[in-house]
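Below is protein_25.txt, holding compact mmCIF, C-alpha atoms.
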# COMPACT_ATOMS: atom_id res chain seq x y z
CA ASP A 985 35.17 -26.40 256.21
CA THR A 986 35.18 -26.94 252.45
CA GLU A 987 32.40 -24.53 251.58
CA VAL A 988 32.14 -21.30 249.68
CA THR A 989 29.24 -19.31 251.12
CA GLN A 990 27.41 -16.74 249.06
CA THR A 991 24.81 -14.24 250.21
CA PRO A 992 22.12 -13.40 249.41
CA LYS A 993 20.77 -16.46 247.60
CA HIS A 994 18.26 -14.35 245.70
CA LEU A 995 18.25 -10.64 244.90
CA VAL A 996 15.77 -8.45 243.04
CA MET A 997 16.86 -4.91 242.30
CA GLY A 998 15.84 -1.95 240.22
CA MET A 999 18.09 -0.32 237.67
CA THR A 1000 18.85 2.60 240.00
CA ASN A 1001 19.66 0.51 243.07
CA LYS A 1002 23.04 -0.20 244.62
CA LYS A 1003 23.55 -3.65 246.08
CA SER A 1004 26.40 -5.98 246.99
CA LEU A 1005 26.96 -9.69 246.65
CA LYS A 1006 29.12 -11.38 249.26
CA CYS A 1007 31.30 -14.47 249.16
CA GLU A 1008 33.25 -16.11 251.97
CA GLN A 1009 35.59 -19.11 252.23
CA HIS A 1010 37.77 -20.40 255.05
CA MET A 1011 39.84 -22.95 253.16
CA GLY A 1012 42.89 -20.68 252.94
CA HIS A 1013 42.47 -20.34 249.17
CA ARG A 1014 44.30 -17.32 247.76
CA ALA A 1015 42.55 -17.29 244.39
CA MET A 1016 38.93 -16.15 244.23
CA TYR A 1017 36.68 -15.77 241.23
CA TRP A 1018 33.41 -14.20 240.12
CA TYR A 1019 31.47 -15.91 237.33
CA LYS A 1020 28.22 -14.94 235.64
CA GLN A 1021 25.94 -17.70 234.38
CA LYS A 1022 22.88 -17.27 232.20
CA ALA A 1023 20.28 -20.02 232.03
CA LYS A 1024 21.41 -23.14 230.16
CA LYS A 1025 24.85 -21.61 229.50
CA PRO A 1026 28.24 -22.33 231.07
CA PRO A 1027 29.70 -19.91 233.62
CA GLU A 1028 31.53 -16.90 232.16
CA LEU A 1029 34.55 -15.54 233.99
CA MET A 1030 34.24 -11.96 235.23
CA PHE A 1031 37.08 -11.35 237.72
CA VAL A 1032 39.96 -13.19 239.36
CA TYR A 1033 41.67 -12.13 242.59
CA SER A 1034 45.03 -13.57 243.47
CA TYR A 1035 46.40 -12.86 246.94
CA GLU A 1036 43.78 -10.16 247.38
CA LYS A 1037 44.84 -8.34 244.22
CA LEU A 1038 42.75 -8.12 241.07
CA SER A 1039 44.61 -10.17 238.47
CA ILE A 1040 42.00 -10.64 235.74
CA ASN A 1041 39.12 -8.43 234.62
CA GLU A 1042 37.40 -9.93 231.60
CA SER A 1043 36.35 -6.53 230.24
CA VAL A 1044 33.42 -6.37 232.63
CA PRO A 1045 31.34 -3.14 232.57
CA SER A 1046 32.13 -0.71 235.38
CA ARG A 1047 28.65 -1.11 236.85
CA PHE A 1048 30.16 -4.27 238.39
CA SER A 1049 32.86 -3.44 240.95
CA PRO A 1050 34.71 -6.25 242.74
CA GLU A 1051 36.41 -5.93 246.09
CA CYS A 1052 38.56 -8.32 248.11
CA PRO A 1053 38.78 -6.95 251.68
CA ASN A 1054 40.83 -9.91 252.94
CA SER A 1055 41.88 -13.43 251.98
CA SER A 1056 38.51 -14.92 253.02
CA LEU A 1057 36.06 -12.40 251.59
CA LEU A 1058 35.07 -11.33 248.11
CA ASN A 1059 32.40 -8.78 247.28
CA LEU A 1060 30.74 -7.71 244.06
CA HIS A 1061 29.21 -4.23 244.17
CA LEU A 1062 26.39 -3.60 241.75
CA HIS A 1063 25.17 -0.20 240.56
CA ALA A 1064 22.91 0.91 237.72
CA LEU A 1065 22.49 -2.59 236.34
CA GLN A 1066 20.51 -3.45 233.24
CA PRO A 1067 17.84 -6.16 232.88
CA GLU A 1068 20.25 -8.20 230.76
CA ASP A 1069 22.51 -8.47 233.82
CA SER A 1070 19.97 -10.81 235.38
CA ALA A 1071 21.77 -14.10 235.92
CA LEU A 1072 23.22 -16.50 238.49
CA TYR A 1073 26.41 -15.02 239.94
CA LEU A 1074 28.83 -17.63 241.16
CA CYS A 1075 31.80 -17.16 243.44
CA ALA A 1076 34.59 -19.72 243.40
CA SER A 1077 37.93 -20.24 245.08
CA ARG A 1078 40.85 -22.57 244.72
CA ALA A 1079 44.25 -23.30 246.19
CA THR A 1080 47.41 -22.37 244.31
CA GLY A 1081 48.57 -24.95 241.78
CA ASN A 1082 47.08 -25.37 238.36
CA ASN A 1083 45.65 -28.84 239.01
CA GLU A 1084 43.60 -27.58 241.92
CA LYS A 1085 39.83 -27.66 241.49
CA LEU A 1086 37.48 -24.76 241.83
CA PHE A 1087 35.12 -24.78 244.78
CA PHE A 1088 31.95 -22.97 243.80
CA GLY A 1089 29.36 -21.34 246.01
CA SER A 1090 25.66 -21.93 245.38
CA GLY A 1091 25.37 -18.56 243.72
CA THR A 1092 23.17 -15.49 243.94
CA GLN A 1093 20.22 -15.49 241.55
CA LEU A 1094 19.93 -11.85 240.49
CA SER A 1095 16.92 -10.28 238.81
CA VAL A 1096 17.16 -6.70 237.55
CA LEU A 1097 13.79 -5.03 236.93
CA LYS B 1122 41.15 -21.09 218.78
CA ASN B 1123 40.84 -22.75 222.19
CA GLN B 1124 37.42 -24.36 222.40
CA VAL B 1125 35.58 -27.08 224.28
CA GLU B 1126 32.59 -28.77 222.68
CA GLN B 1127 30.26 -31.16 224.44
CA SER B 1128 27.72 -33.60 223.11
CA PRO B 1129 24.93 -34.32 223.30
CA GLN B 1130 23.45 -30.99 224.32
CA SER B 1131 20.78 -32.82 226.31
CA LEU B 1132 19.96 -36.40 227.14
CA ILE B 1133 17.06 -38.27 228.70
CA ILE B 1134 17.57 -41.75 230.11
CA LEU B 1135 15.65 -44.11 232.35
CA GLU B 1136 16.75 -44.75 235.90
CA GLY B 1137 19.22 -47.63 236.12
CA LYS B 1138 20.54 -47.18 232.57
CA ASN B 1139 24.07 -46.17 231.64
CA CYS B 1140 25.07 -43.18 229.54
CA THR B 1141 28.17 -41.56 228.10
CA LEU B 1142 28.81 -37.86 227.65
CA GLN B 1143 31.43 -36.55 225.23
CA CYS B 1144 33.88 -33.66 225.35
CA ASN B 1145 36.14 -32.62 222.46
CA TYR B 1146 38.64 -29.83 222.85
CA THR B 1147 41.13 -27.86 220.79
CA VAL B 1148 42.92 -26.31 223.78
CA SER B 1149 46.68 -26.14 223.46
CA PRO B 1150 48.88 -26.31 225.38
CA PHE B 1151 46.77 -28.57 227.58
CA SER B 1152 47.16 -28.78 231.33
CA ASN B 1153 44.21 -30.82 232.60
CA LEU B 1154 40.53 -31.56 232.08
CA ARG B 1155 37.84 -31.64 234.72
CA TRP B 1156 34.25 -32.80 234.70
CA TYR B 1157 31.88 -30.83 236.90
CA LYS B 1158 28.29 -31.65 237.89
CA GLN B 1159 25.92 -28.72 238.32
CA ASP B 1160 22.51 -29.16 239.89
CA THR B 1161 19.89 -26.58 238.94
CA GLY B 1162 20.40 -23.32 240.82
CA ARG B 1163 23.63 -24.53 242.45
CA GLY B 1164 27.32 -24.10 241.77
CA PRO B 1165 29.28 -26.77 239.85
CA VAL B 1166 31.01 -29.52 241.82
CA SER B 1167 34.14 -31.27 240.55
CA LEU B 1168 33.72 -34.97 239.77
CA THR B 1169 37.14 -35.85 238.43
CA ILE B 1170 40.35 -34.44 236.95
CA MET B 1171 42.29 -35.91 234.04
CA THR B 1172 45.89 -34.96 233.40
CA PHE B 1173 47.86 -35.59 230.22
CA SER B 1174 49.20 -38.98 231.30
CA GLU B 1175 45.91 -40.39 232.58
CA ASN B 1176 43.57 -42.49 230.43
CA THR B 1177 40.85 -43.52 232.86
CA LYS B 1178 39.72 -42.43 236.29
CA SER B 1179 36.71 -43.51 238.31
CA ASN B 1180 34.76 -41.79 241.06
CA GLY B 1181 32.01 -44.12 242.22
CA ARG B 1182 29.55 -44.58 239.36
CA TYR B 1183 31.36 -41.96 237.26
CA THR B 1184 34.23 -42.99 234.97
CA ALA B 1185 36.12 -40.43 232.93
CA THR B 1186 38.42 -41.21 230.02
CA LEU B 1187 40.93 -39.06 228.20
CA ASP B 1188 42.58 -39.52 224.82
CA ALA B 1189 45.14 -36.73 224.66
CA ASP B 1190 46.08 -37.63 221.09
CA THR B 1191 42.60 -37.12 219.68
CA LYS B 1192 41.76 -34.48 222.34
CA GLN B 1193 38.63 -36.26 223.46
CA SER B 1194 37.22 -37.09 226.86
CA SER B 1195 34.14 -38.96 227.95
CA LEU B 1196 32.19 -39.28 231.17
CA HIS B 1197 30.40 -42.58 231.65
CA ILE B 1198 27.65 -42.84 234.25
CA THR B 1199 26.74 -46.33 235.38
CA ALA B 1200 23.38 -47.42 236.82
CA SER B 1201 21.95 -43.91 236.71
CA GLN B 1202 19.93 -42.50 239.60
CA LEU B 1203 17.35 -39.74 239.71
CA SER B 1204 19.90 -37.59 241.55
CA ASP B 1205 22.18 -37.74 238.51
CA SER B 1206 19.82 -35.29 236.77
CA ALA B 1207 22.01 -32.23 236.31
CA SER B 1208 24.25 -30.41 233.84
CA TYR B 1209 27.68 -31.92 233.29
CA ILE B 1210 30.34 -29.42 232.31
CA CYS B 1211 33.73 -30.23 230.80
CA VAL B 1212 36.41 -27.68 231.74
CA VAL B 1213 39.83 -27.69 230.09
CA SER B 1214 42.78 -25.89 231.64
CA HIS B 1215 44.93 -23.96 229.18
CA VAL B 1216 48.56 -23.49 230.20
CA ALA B 1217 49.28 -19.83 230.98
CA PRO B 1218 51.97 -18.59 228.57
CA SER B 1219 53.74 -16.40 231.11
CA GLY B 1220 53.16 -18.22 234.36
CA GLY B 1221 50.35 -17.55 236.78
CA TYR B 1222 46.99 -19.26 236.77
CA ASN B 1223 45.95 -21.31 233.79
CA LYS B 1224 42.90 -20.14 231.88
CA LEU B 1225 39.86 -22.38 232.29
CA ILE B 1226 37.79 -23.00 229.18
CA PHE B 1227 34.25 -24.21 229.81
CA GLY B 1228 32.16 -26.38 227.56
CA ALA B 1229 28.46 -25.56 227.16
CA GLY B 1230 27.50 -28.62 229.18
CA THR B 1231 25.23 -31.62 228.70
CA ARG B 1232 21.87 -31.49 230.46
CA LEU B 1233 21.02 -34.97 231.70
CA ALA B 1234 17.54 -35.93 232.85
CA VAL B 1235 17.05 -39.31 234.52
CA HIS B 1236 13.42 -40.43 234.53
CA PRO B 1237 11.91 -43.12 236.75
Written form, structure tokens:
Amino acid sequence: DTEVTQTPKHLVMGMTNKKSLKCEQHMGHRAMYWYKQKAKKPPELMFVYSYEKLSINESVPSRFSPECPNSSLLNLHLHALQPEDSALYLCASRATGNNEKLFFGSGTQLSVL
Amino acid sequence: KNQVEQSPQSLIILEGKNCTLQCNYTVSPFSNLRWYKQDTGRGPVSLTIMTFSENTKSNGRYTATLDADTKQSSLHITASQLSDSASYICVVSHVAPSGGYNKLIFGAGTRLAVHP
């Protein structure tokens, strides 16, 4: 299994809602990532988890809260988002070793109304 | 400043034609460079990796080159197909100064459209 699975594929939420994005991989990768991608722009790094511990937070607003319950799962909890947070949210994972490639999920297309 | 610049920003070609995409970087110290293909609404998929000592690498109809001296890379697509329509993103790995995972620096991508 060489897939990173993200759910849901699409999400529409209001600014007062609480929702969660989920990501799962069974490749034994110990590094997992959240990226945000606006239309026609490259992905922007949000968070990195290494061995289930948060290792990088790229100054992301607290309305985004990541969680890594175990080595296969990565969640992104959303609360009180703004319309400008609408984007494609990509999860990725990779094996240890700096020449290892990122495996990306298909993303969650988020719209905040 | 560590940057990755890609050109052209967008490109339209006819099916069956060849094309070349460019990537220039100022990342130092350099670890490796990857080309990713991203279909609309999907996550990027790695096409090839270039390390410092490699000049050319092929993956089917895709051929990547690297000139580490001039800090330039190219991705050449041969005999293009409609399914090649996508964004192509150059990602350069910046060596972490204190160990740990290298930082990945993304280019803005080239949007390729292949028309019949």
Next item on the list: May I ask which of the residues B:Leu1168, B:Leu1203, B:Cys1140, B:Ala1234 is the closest one to chain A, counting all atoms listed in the file?
Entry: B:Leu1168
Note to self: Counting only C-alpha atoms, find residues at most 12 Å from (44.1, -8.6, 243.6) (file frame) and give them as a PyMOL selection string.
What the structure shows: chain A and resi 1014-1017+1031-1041+1050-1055+1057-1058
Item checked: Leu995 (chain A) environment, 7 Å, only C-alpha atoms, sequence neighbours closer than 4 positions dropped, as an MDAnalysis selection string -> chainID A and resid 1092:1095
The centre and edge lengths of an axis-aligned box containing all atoms of region 1083-1097 of chain A present in the file, extended by 6 Å on each side, are to be given in Å to one decimal, as lines of an AutoDock Vina configuration file.
center_x = 29.7
center_y = -16.9
center_z = 241.5
size_x = 43.9
size_y = 35.8
size_z = 21.1
Hey, which bits of chain A sit within 6 Å of chain B, and for each residue what's the closest pair of atoms and how far apart in Å (one decimal), counting all atoms listed in the file, rows by chain and increasing number, as a tab-separated table?
residue	atom	partner	partner_atom	distance
A:Lys1025	CA	B:Ala1229	CA	5.8
A:Pro1026	CA	B:Ala1229	CA	5.1
A:Phe1088	CA	B:Gly1164	CA	5.2
A:Gly1089	CA	B:Gly1164	CA	5.5
A:Ser1090	CA	B:Arg1163	CA	4.4
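When CA of Gln1193 (chain B) is paired with CA of Gly1081 (chain A), their separation reads 23.7 Å.
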Note to self: What does the structure give for the distance between CA of Lys1178 (chain B) and CA of Ser1194 (chain B), in Å to one decimal?
What the structure shows: 11.1 Å
Reconstructed region 1007-1042 of chain A, atom set N, CA and C atoms, as a short mmCIF file (atom, residue, chain, number, x, y, z; two decimals), in the coordinates of the input:
data_model
loop_
_atom_site.label_atom_id
_atom_site.label_comp_id
_atom_site.auth_asym_id
_atom_site.auth_seq_id
_atom_site.Cartn_x
_atom_site.Cartn_y
_atom_site.Cartn_z
N CYS A 1007 30.76 -13.12 249.29
CA CYS A 1007 31.30 -14.47 249.16
C CYS A 1007 32.34 -14.68 250.24
N GLU A 1008 32.32 -15.85 250.88
CA GLU A 1008 33.25 -16.11 251.97
C GLU A 1008 33.74 -17.56 251.90
N GLN A 1009 35.03 -17.75 252.14
CA GLN A 1009 35.59 -19.11 252.23
C GLN A 1009 36.68 -19.12 253.29
N HIS A 1010 36.79 -20.26 253.98
CA HIS A 1010 37.77 -20.40 255.05
C HIS A 1010 38.66 -21.59 254.80
N MET A 1011 38.98 -21.83 253.51
CA MET A 1011 39.84 -22.95 253.16
C MET A 1011 41.28 -22.48 252.94
N GLY A 1012 41.53 -21.20 253.14
CA GLY A 1012 42.89 -20.68 252.94
C GLY A 1012 43.24 -20.50 251.47
N HIS A 1013 42.21 -20.52 250.59
CA HIS A 1013 42.47 -20.34 249.17
C HIS A 1013 42.85 -18.89 248.89
N ARG A 1014 43.87 -18.69 248.05
CA ARG A 1014 44.30 -17.32 247.76
C ARG A 1014 43.87 -16.85 246.38
N ALA A 1015 43.13 -17.68 245.67
CA ALA A 1015 42.55 -17.29 244.39
C ALA A 1015 41.04 -17.34 244.50
N MET A 1016 40.39 -16.23 244.15
CA MET A 1016 38.93 -16.15 244.23
C MET A 1016 38.39 -15.56 242.95
N TYR A 1017 37.22 -16.05 242.56
CA TYR A 1017 36.68 -15.77 241.23
C TYR A 1017 35.22 -15.31 241.32
N TRP A 1018 34.83 -14.46 240.39
CA TRP A 1018 33.41 -14.20 240.12
C TRP A 1018 33.10 -14.68 238.70
N TYR A 1019 31.99 -15.46 238.62
CA TYR A 1019 31.47 -15.91 237.33
C TYR A 1019 30.02 -15.44 237.21
N LYS A 1020 29.62 -15.24 235.96
CA LYS A 1020 28.22 -14.94 235.64
C LYS A 1020 27.69 -16.09 234.80
N GLN A 1021 26.50 -16.58 235.13
CA GLN A 1021 25.94 -17.70 234.38
C GLN A 1021 24.49 -17.42 234.00
N LYS A 1022 24.25 -17.38 232.70
CA LYS A 1022 22.88 -17.27 232.20
C LYS A 1022 22.29 -18.68 232.10
N ALA A 1023 20.97 -18.73 232.06
CA ALA A 1023 20.28 -20.02 232.03
C ALA A 1023 20.73 -20.88 230.86
N LYS A 1024 21.02 -22.13 231.16
CA LYS A 1024 21.41 -23.14 230.16
C LYS A 1024 22.71 -22.79 229.44
N LYS A 1025 23.53 -21.96 230.05
CA LYS A 1025 24.85 -21.61 229.50
C LYS A 1025 25.93 -21.93 230.53
N PRO A 1026 27.17 -22.10 230.09
CA PRO A 1026 28.24 -22.33 231.07
C PRO A 1026 28.60 -21.03 231.79
N PRO A 1027 29.26 -21.12 232.92
CA PRO A 1027 29.70 -19.91 233.62
C PRO A 1027 30.70 -19.12 232.77
N GLU A 1028 30.61 -17.79 232.85
CA GLU A 1028 31.53 -16.90 232.16
C GLU A 1028 32.37 -16.16 233.21
N LEU A 1029 33.66 -16.19 233.04
CA LEU A 1029 34.55 -15.54 233.99
C LEU A 1029 34.38 -14.03 233.94
N MET A 1030 34.30 -13.42 235.14
CA MET A 1030 34.24 -11.96 235.23
C MET A 1030 35.56 -11.42 235.81
N PHE A 1031 35.90 -11.87 237.01
CA PHE A 1031 37.08 -11.35 237.72
C PHE A 1031 37.82 -12.49 238.42
N VAL A 1032 39.15 -12.30 238.55
CA VAL A 1032 39.96 -13.19 239.36
C VAL A 1032 40.79 -12.35 240.32
N TYR A 1033 40.79 -12.73 241.59
CA TYR A 1033 41.67 -12.13 242.59
C TYR A 1033 42.70 -13.16 243.00
N SER A 1034 43.93 -12.72 243.04
CA SER A 1034 45.03 -13.57 243.47
C SER A 1034 45.75 -12.86 244.60
N TYR A 1035 45.79 -13.49 245.76
CA TYR A 1035 46.40 -12.86 246.94
C TYR A 1035 45.85 -11.45 247.16
N GLU A 1036 44.54 -11.38 247.09
CA GLU A 1036 43.78 -10.16 247.38
C GLU A 1036 43.99 -9.04 246.36
N LYS A 1037 44.66 -9.35 245.28
CA LYS A 1037 44.84 -8.34 244.22
C LYS A 1037 44.10 -8.78 242.96
N LEU A 1038 43.47 -7.81 242.30
CA LEU A 1038 42.75 -8.12 241.07
C LEU A 1038 43.77 -8.50 240.00
N SER A 1039 43.66 -9.72 239.48
CA SER A 1039 44.61 -10.17 238.47
C SER A 1039 43.98 -10.28 237.09
N ILE A 1040 42.68 -10.53 237.04
CA ILE A 1040 42.00 -10.64 235.74
C ILE A 1040 40.66 -9.92 235.82
N ASN A 1041 40.42 -9.07 234.83
CA ASN A 1041 39.12 -8.43 234.62
C ASN A 1041 38.78 -8.70 233.17
N GLU A 1042 37.76 -9.53 232.95
CA GLU A 1042 37.40 -9.93 231.60
C GLU A 1042 36.53 -8.87 230.92
#
